[in-house]
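Comments concern the structure below.
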Amino acid sequence: MKLLTVSANPHVRDRATTQSIMLDVIIALVPALVASILLFGVDALLVVLVCVAVAVLAEYIWEKAVKRPVTISDLSAVVTGVLLAYCLPSTIPLWQAALGSIFAIIVVKQFFGGIGCNFANPAATARIMLFLAFSSEMASFTYDGVSTATPLALMGQSAEAASSATGEAVQQLPGLLDMFLGRHGGCLGEVCALALLIGGIYLIARRVISWHIPVVYLVTVAVFSLLVGRDPLYDLLSGGLMLGAFFMATDYSTSPMTVLGKVIYAVIVGLLTMTIRVWGSYPEGVSFAILLGNILTPHIDRLTRHKPLGVAKKGGAKA
């Protein structure tokens with residue numbers, strides 16, 4: 001019998017690198033970029049370019065200043081810039097978009113040690129910061145040159161009108177096909193569900209992400225929506241749900257490692273999203289839910305981690 005070779009992990013290796021993974025994410029985000037330019041015009045492209053350029057520059061300057069290896073070639077700052085831009089309206093002042101990129105890269109990512117060490121998704125956290133700091137600009141949406149409310153805001157107005165004594169009229173919700181194709185007001189990278197689905201399927205097919213988090217997240221939202229008497233299709237196609245499910249909730253650094261952990265995490269984030277949408281004062285809940293899920297991730301990992309075969313349990317007995 002041949003002797004077994006004992007060595008330190010990892011024991012399974014492949015050719016994937018951080019750069020190749022981030023490149024796949026960028027490719028998956030391209031359909032949403034094309035859709036946003038078609039829907040919102042050149043302003044959408046300008047917001048994306050500013051967010052990406054400032055994110056890369058902020059990472060470069062910070063790592064030079066603190067004498068760390070420069071990591072901009074791994075493309076993670078590019079991904080953060082694109083994701084943040086997708087969470088913003090096309091009309092946002094560019095200096096505010098730039099401030100969001102600086103916050104995402106330096107405060108959320110670099111303050112905690114850089115890629116792989118951040119406790120929360122940088123783009124989602126930066127979106128929350130911008131929303132709290134610049135509420136009016138972050139809630140100003142246009143479509144086809146006309147200011148309009150998002151479908152989630154319209155759903156909230158409809159519910160209020162139905163329960164009020166006045167029964168005042170509200171703006172009509174867009175049709176499901178318009179929702180699917182993105183022909184409505186909203187953040188520039190969130191509105192086109194078709195483009196985001198194409199990107200999400202690409203990431204799953206390339207095995208960059210597993211299906212567990214996005215699918216369980218979306219199913220949880222749909223079931224919750226149905227139970228509280230809302231239209232599940234509108235909840236699935238509205239707001240940042242598709243973007244969050246495929247591109248933010250699945251962040252390697254801030255989501256659980258085990259399959260069971262991913263399922264628990266996705267259910268929690270789905271429940272939080274719908275709780276905020278239904279009973280919160282803010283019609284959207286994806287970024288807040290993902291941030292709270294990120295905070296819970298270490299605890300979920302600790303509860304669901306696998307015990308290595310032969311490791312002694314407390315008390316001396318082996319597993």
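Chain labels run A, B, ... following the order of the structure tokens; each chain numbers its residues from 1, and ligands are numbered from 1 in the order shown.
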Could you pull the residues within 12 Å of Ile27 of chain A, counting only C-alpha atoms, minus those fewer than 3 positions along the same chain, as a PyMOL selection string? chain A and resi 20-24+30-34+75+78-79+82+195-196+198-203+206+208+247
Provide the atom CA of Ile264 of chain A to atom CA of Ile300 of chain A distance in Å, to one decimal place.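 Rounded to one decimal, the two atoms are 7.7 Å apart.
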Where in segment 133-318 of chain A does DSSP assign helix (DSSP H, G or I), given as JSON, numbers by chain? {"A": [133, 135, 136, 137, 138, 151, 152, 153, 154, 155, 156, 157, 158, 159, 160, 161, 162, 163, 176, 177, 178, 179, 180, 181, 193, 194, 195, 196, 197, 198, 199, 200, 201, 202, 203, 204, 205, 212, 213, 214, 215, 216, 217, 218, 219, 220, 221, 222, 223, 224, 225, 226, 227, 232, 233, 234, 235, 236, 237, 241, 242, 243, 244, 245, 246, 247, 248, 252, 253, 254, 259, 260, 261, 262, 263, 264, 265, 266, 267, 268, 269, 270, 271, 272, 273, 274, 275, 276, 277, 278, 279, 286, 287, 288, 289, 290, 291, 292, 293, 294, 295, 296, 297, 298, 299, 300, 301, 302, 303, 304]}
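Residue nearest Leu84 of chain A within the list A:Pro232, A:Gly240, A:Gly285, A:Pro174: A:Gly240 [criterion: smallest interatomic distance, only C-alpha atoms].
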Atom CA of Val267 of chain A to atom CA of Ala222 of chain A: how many Å, to one decimal?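 Atom-to-atom, atom CA of Val267 of chain A to atom CA of Ala222 of chain A, that is 11.3 Å.
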So, with only C-alpha atoms as the atoms that count, which of A:Ile92, A:Val223, A:Arg207, A:Ile61 lies closest to Ala16 of chain A?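 Once distances to Ala16 of chain A are computed over only C-alpha atoms, the minimum belongs to A:Arg207.
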